[in-house]
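Content type mmCIF, C-alpha atoms and all ligand atoms, from the file model.cif:
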```cif
data_protein
#
loop_
_atom_site.label_atom_id
_atom_site.label_comp_id
_atom_site.auth_asym_id
_atom_site.auth_seq_id
_atom_site.Cartn_x
_atom_site.Cartn_y
_atom_site.Cartn_z
CA MET A 1 51.56 95.06 -115.16
CA SER A 2 49.69 93.92 -118.19
CA LEU A 3 49.41 90.20 -117.41
CA HIS A 4 49.36 88.68 -113.97
CA LEU A 5 48.97 84.92 -113.87
CA SER A 6 48.98 82.83 -110.76
CA ALA A 7 47.91 79.23 -110.97
CA VAL A 8 47.87 76.01 -109.03
CA VAL A 9 46.92 72.95 -111.07
CA GLU A 10 47.17 70.02 -108.67
CA GLU A 11 46.87 67.27 -111.26
CA ARG A 12 49.86 68.62 -113.15
CA GLY A 13 51.94 69.69 -110.17
CA LEU A 14 51.89 73.32 -111.30
CA ASP A 15 52.25 76.24 -108.90
CA VAL A 16 53.39 79.48 -110.52
CA ASP A 17 53.00 83.21 -110.20
CA LEU A 18 54.28 85.41 -113.02
CA GLU A 19 53.83 88.82 -114.52
CA VAL A 20 54.40 90.23 -117.98
CA ALA A 21 54.63 93.98 -118.42
CA GLU A 22 52.81 95.79 -121.20
CA GLY A 23 54.70 95.23 -124.46
CA GLU A 24 57.12 92.76 -122.93
CA THR A 25 58.02 89.28 -124.22
CA LEU A 26 58.54 86.74 -121.47
CA ALA A 27 60.13 83.44 -122.51
CA VAL A 28 59.10 80.36 -120.55
CA LEU A 29 61.88 77.78 -120.58
CA GLY A 30 62.11 74.40 -118.94
CA PRO A 31 62.52 70.68 -119.49
CA ASN A 32 59.79 68.38 -120.85
CA GLY A 33 56.84 68.15 -118.52
CA ALA A 34 57.84 71.25 -116.52
CA GLY A 35 54.43 72.84 -117.06
CA LYS A 36 55.12 75.33 -119.84
CA SER A 37 52.15 74.38 -122.03
CA THR A 38 49.94 74.24 -118.95
CA VAL A 39 50.78 77.88 -118.19
CA LEU A 40 49.73 78.81 -121.73
CA ALA A 41 46.53 76.77 -121.41
CA VAL A 42 45.65 78.62 -118.19
CA ALA A 43 46.32 82.00 -119.83
CA ALA A 44 44.29 81.06 -122.90
CA GLY A 45 41.35 79.85 -120.83
CA LEU A 46 41.65 76.26 -122.05
CA LEU A 47 42.26 75.07 -118.51
CA ARG A 48 40.79 76.26 -115.26
CA PRO A 49 43.33 76.13 -112.42
CA ASP A 50 42.33 74.79 -109.01
CA ARG A 51 43.39 78.12 -107.56
CA GLY A 52 44.73 81.30 -109.09
CA ARG A 53 43.91 84.27 -111.25
CA VAL A 54 44.58 85.53 -114.72
CA VAL A 55 44.33 89.30 -115.01
CA LEU A 56 44.98 90.99 -118.35
CA ASP A 57 45.03 94.80 -118.50
CA GLY A 58 43.16 94.93 -115.23
CA ARG A 59 40.41 92.59 -116.45
CA GLU A 60 39.99 89.37 -114.51
CA LEU A 61 39.78 86.52 -117.03
CA THR A 62 40.13 83.67 -114.56
CA GLY A 63 39.41 83.96 -110.87
CA ARG A 64 37.55 82.47 -107.98
CA THR A 65 34.27 83.36 -109.61
CA ALA A 66 35.42 85.03 -112.83
CA TRP A 67 35.61 83.03 -116.01
CA VAL A 68 35.95 84.54 -119.48
CA ALA A 69 35.64 82.08 -122.36
CA PRO A 70 38.74 81.60 -124.56
CA HIS A 71 37.29 83.44 -127.57
CA ASP A 72 36.36 86.47 -125.45
CA ARG A 73 39.79 86.91 -123.84
CA ARG A 74 41.54 88.77 -126.66
CA VAL A 75 44.31 86.26 -126.29
CA ALA A 76 45.81 84.48 -129.33
CA LEU A 77 47.49 81.11 -128.96
CA MET A 78 49.89 79.94 -131.64
CA ALA A 79 50.94 76.32 -131.52
CA GLN A 80 54.02 74.51 -132.76
CA GLU A 81 52.09 73.27 -135.79
CA PRO A 82 50.29 76.06 -137.62
CA LEU A 83 46.66 75.04 -137.23
CA LEU A 84 45.10 76.64 -140.31
CA PHE A 85 41.61 75.78 -141.55
CA PRO A 86 42.40 73.44 -144.46
CA HIS A 87 39.21 74.22 -146.37
CA LEU A 88 39.79 78.00 -146.34
CA GLY A 89 42.27 79.90 -148.49
CA VAL A 90 45.11 81.77 -146.81
CA LEU A 91 43.34 85.13 -147.05
CA ASP A 92 40.18 83.79 -145.41
CA ASN A 93 42.22 82.05 -142.73
CA VAL A 94 43.79 85.37 -141.76
CA ALA A 95 40.49 87.24 -142.15
CA PHE A 96 38.82 84.82 -139.74
CA GLY A 97 39.62 86.87 -136.62
CA PRO A 98 38.31 90.23 -137.88
CA ARG A 99 35.30 88.45 -139.46
CA SER A 100 34.35 86.83 -136.19
CA THR A 101 34.38 90.17 -134.40
CA GLY A 102 31.91 91.58 -136.90
CA ALA A 103 34.01 93.13 -139.69
CA ASN A 104 32.48 92.75 -143.16
CA ARG A 105 34.11 90.73 -145.91
CA ARG A 106 35.88 93.69 -147.54
CA THR A 107 37.25 95.17 -144.31
CA SER A 108 38.38 91.80 -143.01
CA HIS A 109 40.13 90.99 -146.28
CA ASP A 110 41.89 94.36 -146.24
CA ALA A 111 43.07 93.67 -142.70
CA ALA A 112 44.19 90.17 -143.70
CA ARG A 113 46.26 91.54 -146.60
CA ARG A 114 47.89 94.05 -144.26
CA TRP A 115 48.86 91.36 -141.77
CA LEU A 116 50.12 89.03 -144.48
CA ALA A 117 52.33 91.85 -145.77
CA GLU A 118 53.53 92.45 -142.20
CA VAL A 119 54.90 88.89 -142.05
CA ASP A 120 56.29 88.95 -145.62
CA ALA A 121 53.61 86.57 -146.90
CA ALA A 122 51.50 88.84 -149.11
CA ASP A 123 52.16 86.62 -152.13
CA LEU A 124 50.59 83.62 -150.40
CA ALA A 125 47.10 85.14 -150.09
CA ASP A 126 45.51 82.99 -152.81
CA ARG A 127 46.98 79.65 -151.76
CA ARG A 128 45.39 76.84 -149.79
CA PRO A 129 47.09 75.75 -146.54
CA GLY A 130 47.97 72.44 -148.22
CA GLN A 131 50.10 74.34 -150.74
CA LEU A 132 52.35 75.97 -148.13
CA SER A 133 55.73 74.91 -146.78
CA GLY A 134 56.09 74.63 -143.00
CA GLY A 135 57.72 78.05 -142.75
CA GLN A 136 55.12 79.69 -144.98
CA ALA A 137 52.29 78.12 -143.00
CA GLN A 138 53.83 79.44 -139.79
CA ARG A 139 54.01 82.96 -141.26
CA VAL A 140 50.33 82.72 -142.15
CA ALA A 141 49.57 81.47 -138.64
CA VAL A 142 51.38 84.52 -137.19
CA ALA A 143 49.35 86.81 -139.45
CA ARG A 144 46.14 85.09 -138.40
CA ALA A 145 46.98 85.43 -134.71
CA LEU A 146 47.80 89.13 -135.11
CA ALA A 147 44.75 89.91 -137.24
CA ALA A 148 42.55 89.12 -134.26
CA GLU A 149 44.30 92.06 -132.52
CA PRO A 150 44.98 90.15 -129.33
CA ARG A 151 46.02 91.91 -126.13
CA LEU A 152 48.20 88.92 -125.30
CA LEU A 153 50.05 86.59 -127.64
CA LEU A 154 50.84 83.05 -126.54
CA LEU A 155 53.44 81.21 -128.61
CA ASP A 156 54.10 77.53 -127.96
CA GLU A 157 57.42 76.57 -129.56
CA PRO A 158 56.55 78.49 -132.74
CA LEU A 159 59.79 77.64 -134.53
CA SER A 160 60.55 74.14 -133.34
CA ALA A 161 58.88 72.23 -136.21
CA LEU A 162 60.66 74.21 -138.91
CA ASP A 163 63.56 73.50 -141.19
CA VAL A 164 66.75 75.19 -139.94
CA ALA A 165 67.14 76.91 -143.30
CA VAL A 166 64.05 79.09 -142.73
CA LEU A 167 64.65 79.78 -139.04
CA PRO A 168 66.72 82.98 -139.14
CA ALA A 169 64.30 84.82 -141.44
CA LEU A 170 61.22 83.71 -139.50
CA ARG A 171 62.91 84.56 -136.21
CA GLN A 172 63.50 88.08 -137.51
CA THR A 173 59.86 88.35 -138.57
CA LEU A 174 58.75 87.26 -135.12
CA LYS A 175 61.16 89.68 -133.53
CA ARG A 176 59.63 92.51 -135.54
CA VAL A 177 56.02 91.62 -134.79
CA LEU A 178 56.62 90.87 -131.11
CA ALA A 179 58.18 94.28 -130.47
CA GLY A 180 55.81 96.15 -128.19
CA ARG A 181 53.38 93.22 -127.85
CA THR A 182 52.65 91.50 -124.57
CA THR A 183 53.79 87.93 -125.22
CA LEU A 184 54.40 84.65 -123.45
CA LEU A 185 56.79 82.55 -125.53
CA VAL A 186 57.39 78.90 -124.70
CA THR A 187 60.64 77.70 -126.18
CA HIS A 188 63.38 75.11 -125.85
CA ASP A 189 65.73 77.17 -127.92
CA VAL A 190 68.18 79.40 -126.16
CA LEU A 191 68.55 81.56 -129.27
CA ASP A 192 64.81 82.24 -129.41
CA ALA A 193 64.91 83.32 -125.80
CA LEU A 194 67.94 85.49 -126.37
CA LEU A 195 66.73 87.16 -129.54
CA LEU A 196 63.01 87.42 -128.87
CA ALA A 197 62.50 87.76 -125.13
CA ASP A 198 63.09 90.58 -122.67
CA ARG A 199 62.94 88.30 -119.66
CA VAL A 200 62.81 84.58 -119.02
CA VAL A 201 61.35 82.33 -116.38
CA VAL A 202 62.68 78.81 -116.02
CA LEU A 203 60.13 76.22 -114.92
CA GLU A 204 61.26 73.01 -113.27
CA GLY A 205 58.74 70.51 -111.92
CA GLY A 206 55.90 73.00 -112.14
CA ARG A 207 57.70 75.69 -110.10
CA ILE A 208 59.62 78.79 -111.17
CA ALA A 209 63.27 77.85 -110.65
CA GLU A 210 64.64 81.20 -111.75
CA ALA A 211 63.61 84.40 -113.46
CA GLY A 212 65.30 87.50 -114.79
CA PRO A 213 66.46 89.43 -117.84
CA THR A 214 67.32 86.95 -120.61
CA ALA A 215 71.00 87.78 -120.94
CA ASP A 216 71.54 87.58 -117.16
CA VAL A 217 69.91 84.18 -116.86
CA LEU A 218 71.80 82.75 -119.82
CA GLU A 219 75.14 84.20 -118.81
CA ARG A 220 74.84 83.39 -115.12
CA PRO A 221 72.38 80.49 -114.92
CA ARG A 222 71.42 79.39 -111.43
CA SER A 223 68.97 76.61 -112.26
CA ALA A 224 70.09 73.23 -113.59
CA PHE A 225 68.04 73.62 -116.73
CA ALA A 226 69.30 77.09 -117.60
CA ALA A 227 72.87 75.94 -117.05
CA ARG A 228 72.35 73.05 -119.43
CA ILE A 229 70.81 75.06 -122.25
CA ALA A 230 73.05 78.04 -121.77
CA GLY A 231 75.97 75.99 -123.06
CA LEU A 232 76.46 78.27 -126.04
CA ASN A 233 79.09 80.97 -126.10
CA MET A 234 77.49 84.35 -126.62
CA VAL A 235 79.24 87.65 -127.08
CA SER A 236 77.07 90.72 -127.50
CA GLY A 237 77.86 94.28 -128.46
CA ALA A 238 77.80 96.68 -131.36
CA TRP A 239 78.64 95.40 -134.86
CA ARG A 240 81.36 97.34 -136.66
CA ASP A 241 83.30 96.38 -139.78
CA GLY A 242 82.22 92.76 -139.46
CA VAL A 243 83.39 92.45 -135.87
CA VAL A 244 81.68 92.40 -132.47
CA ASP A 245 83.86 92.79 -129.40
CA GLY A 246 86.92 91.48 -131.26
CA ILE A 247 85.09 88.52 -132.80
CA ARG A 248 84.56 88.06 -136.50
CA GLY A 249 81.70 85.86 -137.63
CA ILE A 250 79.16 85.07 -140.29
CA ALA A 251 76.25 87.51 -140.25
CA ILE A 252 72.91 85.73 -140.44
CA ASP A 253 70.41 87.28 -142.81
CA PRO A 254 69.12 89.99 -142.43
CA ALA A 255 72.67 91.19 -142.02
CA PRO A 256 73.38 93.81 -139.38
CA VAL A 257 74.77 97.20 -140.36
CA ASP A 258 77.47 99.12 -138.50
CA GLY A 259 76.29 100.18 -135.08
CA ASP A 260 73.57 97.50 -134.75
CA GLN A 261 73.45 95.57 -131.48
CA VAL A 262 74.29 91.96 -132.26
CA VAL A 263 75.09 88.71 -130.54
CA ALA A 264 77.80 86.36 -131.79
CA VAL A 265 77.05 82.74 -130.96
CA PHE A 266 79.39 79.72 -131.14
CA ARG A 267 79.56 76.25 -129.65
CA PRO A 268 82.18 75.34 -127.03
CA SER A 269 83.19 72.43 -129.30
CA ALA A 270 84.18 74.95 -132.00
CA VAL A 271 86.76 76.54 -129.70
CA SER A 272 90.41 75.45 -129.71
CA VAL A 273 92.65 76.27 -126.78
CA PHE A 274 96.28 77.34 -127.09
CA ARG A 275 98.93 78.30 -124.60
CA SER A 276 99.93 81.19 -126.85
CA SER A 277 98.37 82.87 -129.85
CA PRO A 278 98.31 80.67 -132.98
CA GLY A 279 100.04 83.27 -135.17
CA GLY A 280 99.12 83.67 -138.81
CA SER A 281 95.85 81.85 -138.45
CA PRO A 282 92.62 83.39 -139.71
CA ARG A 283 90.90 82.44 -136.47
CA ASN A 284 89.50 84.72 -133.79
CA ALA A 285 91.94 84.64 -130.89
CA LEU A 286 90.78 85.72 -127.44
CA ALA A 287 93.23 85.96 -124.56
CA VAL A 288 91.43 84.61 -121.50
CA THR A 289 92.06 83.24 -118.02
CA VAL A 290 90.73 79.79 -117.18
CA THR A 291 88.24 79.98 -114.31
CA GLU A 292 87.01 76.40 -114.08
CA LEU A 293 87.51 72.91 -115.50
CA GLU A 294 84.38 70.83 -115.66
CA PRO A 295 84.68 67.11 -116.50
CA ARG A 296 81.98 65.91 -118.90
CA GLY A 297 82.53 62.26 -119.75
CA ASP A 298 85.52 61.98 -122.08
CA GLN A 299 85.59 65.77 -122.47
CA VAL A 300 86.50 68.70 -120.31
CA ARG A 301 84.62 71.98 -120.49
CA VAL A 302 87.15 74.73 -119.98
CA ARG A 303 85.45 77.83 -118.67
CA ALA A 304 86.95 81.30 -118.87
CA GLY A 305 84.43 83.71 -117.42
CA HIS A 306 81.34 83.48 -119.59
CA LEU A 307 83.16 81.67 -122.43
CA ALA A 308 83.64 77.93 -122.69
CA ALA A 309 85.65 75.47 -124.78
CA ASP A 310 85.21 71.69 -124.95
CA LEU A 311 88.45 69.69 -125.14
CA THR A 312 89.28 66.04 -124.87
CA VAL A 313 90.67 65.03 -121.51
CA GLN A 314 93.98 64.31 -123.21
CA ALA A 315 94.18 67.77 -124.82
CA ALA A 316 93.39 69.45 -121.50
CA ALA A 317 96.13 67.39 -119.81
CA GLU A 318 98.67 68.20 -122.53
CA LEU A 319 97.96 71.90 -122.13
CA ASP A 320 98.39 71.47 -118.36
CA LEU A 321 95.31 73.59 -117.69
CA ALA A 322 94.22 74.77 -114.27
CA PRO A 323 92.13 77.66 -112.98
CA GLY A 324 94.27 80.77 -113.43
CA SER A 325 96.01 79.52 -116.60
CA GLU A 326 96.39 82.24 -119.20
CA VAL A 327 95.34 80.78 -122.54
CA VAL A 328 94.01 81.73 -125.94
CA PHE A 329 90.57 80.63 -127.09
CA ALA A 330 90.52 80.41 -130.88
CA VAL A 331 87.46 79.99 -133.06
CA LYS A 332 87.09 80.15 -136.82
CA ALA A 333 84.91 82.98 -138.09
CA SER A 334 82.93 80.39 -140.07
CA GLU A 335 81.87 78.80 -136.75
CA VAL A 336 80.50 82.06 -135.36
CA ALA A 337 76.93 83.05 -136.23
CA VAL A 338 76.10 86.71 -135.73
CA TYR A 339 72.48 87.68 -135.16
CA ARG A 340 70.91 91.10 -134.91
CA ARG A 341 69.32 91.63 -131.52
N1 LIG B 1 46.02 66.72 -120.51
C1 LIG B 1 46.72 66.41 -119.44
N2 LIG B 1 46.16 65.76 -118.42
C2 LIG B 1 46.86 65.46 -117.32
N3 LIG B 1 48.15 65.76 -117.14
C3 LIG B 1 48.77 66.40 -118.12
C4 LIG B 1 48.11 66.76 -119.33
N4 LIG B 1 48.97 67.41 -120.13
C5 LIG B 1 50.14 67.44 -119.46
N5 LIG B 1 50.01 66.83 -118.25
C6 LIG B 1 51.07 66.70 -117.24
O1 LIG B 1 51.27 67.99 -116.66
C7 LIG B 1 52.66 68.24 -116.45
C8 LIG B 1 53.06 69.50 -117.22
O2 LIG B 1 52.94 69.26 -118.64
P1 LIG B 1 53.17 70.39 -119.73
O3 LIG B 1 52.68 69.82 -121.04
O4 LIG B 1 52.56 71.65 -119.28
O5 LIG B 1 54.74 70.52 -119.74
P2 LIG B 1 55.67 71.25 -120.79
O6 LIG B 1 56.68 71.99 -119.98
O7 LIG B 1 54.85 72.05 -121.75
O8 LIG B 1 56.35 70.03 -121.50
P3 LIG B 1 56.90 69.85 -123.01
O9 LIG B 1 58.18 70.63 -123.09
O10 LIG B 1 57.13 68.38 -123.09
O11 LIG B 1 55.83 70.33 -123.93
C9 LIG B 1 53.37 66.99 -116.89
O12 LIG B 1 53.60 66.21 -115.75
C10 LIG B 1 52.39 66.30 -117.81
O13 LIG B 1 52.58 64.91 -117.79
#
```
Mind converting the file's structure to structure tokens?
Amino acid sequence: MSLHLSAVVEERGLDVDLEVAEGETLAVLGPNGAGKSTVLAVAAGLLRPDRGRVVLDGRELTGRTAWVAPHDRRVALMAQEPLLFPHLGVLDNVAFGPRSTGANRRTSHDAARRWLAEVDAADLADRRPGQLSGGQAQRVAVARALAAEPRLLLLDEPLSALDVAVLPALRQTLKRVLAGRTTLLVTHDVLDALLLADRVVVLEGGRIAEAGPTADVLERPRSAFAARIAGLNMVSGAWRDGVVDGIRGIAIDPAPVDGDQVVAVFRPSAVSVFRSSPGGSPRNALAVTVTELEPRGDQVRVRAGHLAADLTVQAAAELDLAPGSEVVFAVKASEVAVYRR
């Protein structure tokens, strides 16, 4: 194991024990106040737990007697807002890490240019932080975190402050740079967890409510929180001729090519339910068996295995639905977003 973190922080009601394997990305999910940021603070050395240990690559960073200062941990923390030094240009911001470990100006600038290129931000090198959009600033912040060559990357909701228009491209950049890096990723977004993380832990009230491979937890959630966020329909498989597992959708840039592993994502509210196939329609039609009807206010969530559709109570009554009913779930291709995994 590359990271082992166990921590009790009485004041915040936190009591966790988790491990992240070398090169693995572990997503930490959970409702507000569950303790996610506190876990990152303990790992980063910003908070000393009442009891517990942080061991990274066999080196004890936090322990009963051990205490390594944040800047000596080889741990990089990236916050929701990219905290760049406003008085330094982009290049110097990224060069800061290598500079502070003794690299000279030339070497640290070379490294900074390499990392900026790595996150598709080479053209921003001469700007000031004040001249960057939110998405550009976050790219620079990723480059700065990586330039310090951390052994552990801590990301606190790195995409949550950004405009939806820039999300897919930045998510892909993160996916590329996280591959093979030991990472703890705090997120509220089920897609981030699905696309970026190997495993997830769900925190509720400072305790680990569930843990496991991301797809398993999202497809078969056991904790209340995971069940709530895992409301999206997700179908994964290989992409061929614009279709994954019988479902046609809109490929999100960068588009997958034939044979790529993808996940098609669509909201239960985008699904219509029919007793028989709506012939001649351009919609995806999936023959399914209803497994459960779940009342939700003036709506009913119709579950069919791992797929779900939201109908009005009236529509569900008109269709005379019950567990065991054979129906067709239909969804327009324009409502299905397909992401490369
Ligand atoms: N600086 C602090 N001092 C004391 N208690 C704090 C402090 N920061 C957070 N807490 C408390 O510790 C608990 C865990 O908070 P934490 O910020 O780790 O949760 P979180 O899961 O990151 O929440 P969010 O999703 O809202 O960011 C909460 O009860 C919170 O009120």
### Task
With a distance cut-off of 12 Å and only C-alpha atoms, select the neighbouring residues of Gly212 (chain A), excluding the residue or stretch itself and same-chain residues fewer than 5 positions from it, and output the selection as JSON, numbers by chain.
{"A": [18, 19, 20, 26, 27, 28, 29, 193, 197, 198, 199, 200, 201, 202, 217, 218, 219, 220, 221, 222, 223, 226]}
### Task
Residues up to 8 Å from ligand LIG 1 (chain B), counting all atoms listed in the file: could you list those as a VMD selection string?
chain A and resid 11 to 14 29 to 39 186 188 203 205 to 206
### Task
Calculate how many Å separate CA of Leu307 (chain A) from CA of Asp258 (chain A), rounding to one decimal.
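Atom-to-atom, CA of Leu307 (chain A) and CA of Asp258 (chain A) are spaced 24.4 Å apart.
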### Task
Mind checking which residues fall within 12 Å of Asp50 (chain A), counting all atoms listed in the file, ignoring those fewer than 4 positions away in the same chain, and posting them as a ChimeraX atom specification?
/A:6-15,42,62-65
#### Entry: One-decimal distance in Å that lies between CA of Asp253 (chain A) and CA of Gln136 (chain A)
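These two atoms are separated by 17.2 Å.
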### Task
Provide the CA of Arg73 (chain A) to CA of Leu174 (chain A) distance in Å, to one decimal place.
22.1 Å
### Query
Out of A:Gly180, A:Pro129, A:Gly246, A:Gly297, which residue has the shortest atom-to-atom distance to Leu153 (chain A) when counting all atoms listed in the file?
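Comparing A:Gly180, A:Pro129, A:Gly246, A:Gly297 against Leu153 (chain A), the winner is A:Gly180.
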### Summary
One residue among A:Arg59, A:His109, A:His71, A:Lys175 is nearest to Arg340 (chain A) when using only C-alpha atoms, and that residue is A:Lys175
Using the file's own x, y and z axes, what box holds all listed atoms of region 313-329 of chain A with 5 Å on each side, keeping edges along x, y and z, and what are its centre and edge lengths in Å to one decimal, as JSON?
```
{"center_x": 94.6, "center_y": 73.3, "center_z": -120.0, "size_x": 18.1, "size_y": 27.9, "size_z": 24.1}
```
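Distance annotation: of A:Arg341, A:Val288, A:Asp192, A:Ala209, the residue with the minimal separation from Gly237 (chain A) is A:Arg341; atom set is all atoms listed in the file.
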### Message
When you count all atoms listed in the file, which of these residues is closest to Glu157 (chain A): A:Arg127, A:Arg303, A:Arg144, A:Arg171?
### Response
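Of A:Arg127, A:Arg303, A:Arg144, A:Arg171, the one nearest Glu157 (chain A) is A:Arg171, counting all atoms listed in the file.
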List as a PDB file with C-alpha atoms, in the frame of the given file the protein and nucleic acid residues near Pro256 (chain A), meaning an atom at most 12 Å away when all atoms listed in the file are counted, but skip any in the same chain fewer than 4 places from it.
```
ATOM      1  CA  GLN A 172      63.500  88.080-137.510  1.00  0.00           C
ATOM      2  CA  GLY A 237      77.860  94.280-128.460  1.00  0.00           C
ATOM      3  CA  ALA A 238      77.800  96.680-131.360  1.00  0.00           C
ATOM      4  CA  TRP A 239      78.640  95.400-134.860  1.00  0.00           C
ATOM      5  CA  ARG A 240      81.360  97.340-136.660  1.00  0.00           C
ATOM      6  CA  ASP A 241      83.300  96.380-139.780  1.00  0.00           C
ATOM      7  CA  GLY A 242      82.220  92.760-139.460  1.00  0.00           C
ATOM      8  CA  VAL A 243      83.390  92.450-135.870  1.00  0.00           C
ATOM      9  CA  VAL A 244      81.680  92.400-132.470  1.00  0.00           C
ATOM     10  CA  GLY A 249      81.700  85.860-137.630  1.00  0.00           C
ATOM     11  CA  ILE A 250      79.160  85.070-140.290  1.00  0.00           C
ATOM     12  CA  ALA A 251      76.250  87.510-140.250  1.00  0.00           C
ATOM     13  CA  ILE A 252      72.910  85.730-140.440  1.00  0.00           C
ATOM     14  CA  ASP A 260      73.570  97.500-134.750  1.00  0.00           C
ATOM     15  CA  GLN A 261      73.450  95.570-131.480  1.00  0.00           C
ATOM     16  CA  VAL A 262      74.290  91.960-132.260  1.00  0.00           C
ATOM     17  CA  VAL A 263      75.090  88.710-130.540  1.00  0.00           C
ATOM     18  CA  ALA A 264      77.800  86.360-131.790  1.00  0.00           C
ATOM     19  CA  ALA A 337      76.930  83.050-136.230  1.00  0.00           C
ATOM     20  CA  VAL A 338      76.100  86.710-135.730  1.00  0.00           C
ATOM     21  CA  TYR A 339      72.480  87.680-135.160  1.00  0.00           C
ATOM     22  CA  ARG A 340      70.910  91.100-134.910  1.00  0.00           C
ATOM     23  CA  ARG A 341      69.320  91.630-131.520  1.00  0.00           C
TER      24      ARG A 341
END
```
### Query
Counting only C-alpha atoms, what is within 8 Å of Leu3 (chain A), bar same-chain residues fewer than 3 positions away, as a PyMOL selection string?
chain A and resi 19-22+54-57+182
Mind dumping a table of every region 147-238 of chain A residue within 12 Å of region 83-99 of chain A, with the nearest atom pair and its distance in Å to one decimal, using all atoms listed in the file, sorted by chain and rising number, as CSV?
```
residue,atom,partner,partner_atom,distance
A:Ala147,CA,A:Gly97,CA,6.0
A:Ala148,CA,A:Gly97,CA,4.4
A:Glu149,CA,A:Gly97,CA,8.1
A:Pro150,CA,A:Gly97,CA,9.6
A:Pro158,CA,A:Leu83,CA,11.4
```
How would region 59-70 of chain A look written as a tab-separated table (two decimals), in the first residue's frame with N, CA and C atoms?
```tsv
chain	number	residue	atom	x	y	z
A	59	ARG	N	6.88	5.71	4.75
A	59	ARG	CA	7.43	6.78	5.58
A	59	ARG	C	6.31	7.33	6.45
A	60	GLU	N	6.54	7.35	7.74
A	60	GLU	CA	5.50	7.85	8.65
A	60	GLU	C	5.52	9.38	8.67
A	61	LEU	N	4.42	9.97	8.19
A	61	LEU	CA	4.34	11.44	8.11
A	61	LEU	C	3.66	12.01	9.35
A	62	THR	N	2.67	11.26	9.83
A	62	THR	CA	1.96	11.62	11.05
A	62	THR	C	1.90	10.37	11.90
A	63	GLY	N	2.19	10.51	13.18
A	63	GLY	CA	2.11	9.35	14.06
A	63	GLY	C	2.10	9.83	15.48
A	64	ARG	N	2.26	8.86	16.39
A	64	ARG	CA	2.21	9.22	17.80
A	64	ARG	C	3.30	10.25	18.12
A	65	THR	N	4.48	9.97	17.57
A	65	THR	CA	5.56	10.93	17.78
A	65	THR	C	5.98	11.59	16.48
A	66	ALA	N	5.72	10.89	15.35
A	66	ALA	CA	6.19	11.43	14.07
A	66	ALA	C	5.37	12.62	13.62
A	67	TRP	N	6.03	13.59	13.05
A	67	TRP	CA	5.32	14.72	12.45
A	67	TRP	C	6.21	15.34	11.38
A	68	VAL	N	5.79	15.18	10.11
A	68	VAL	CA	6.52	15.80	9.01
A	68	VAL	C	5.73	17.03	8.58
A	69	ALA	N	6.40	18.14	8.43
A	69	ALA	CA	5.73	19.39	8.06
A	69	ALA	C	5.13	19.29	6.66
A	70	PRO	N	4.05	20.03	6.39
A	70	PRO	CA	3.36	19.92	5.10
A	70	PRO	C	4.30	20.02	3.89
```
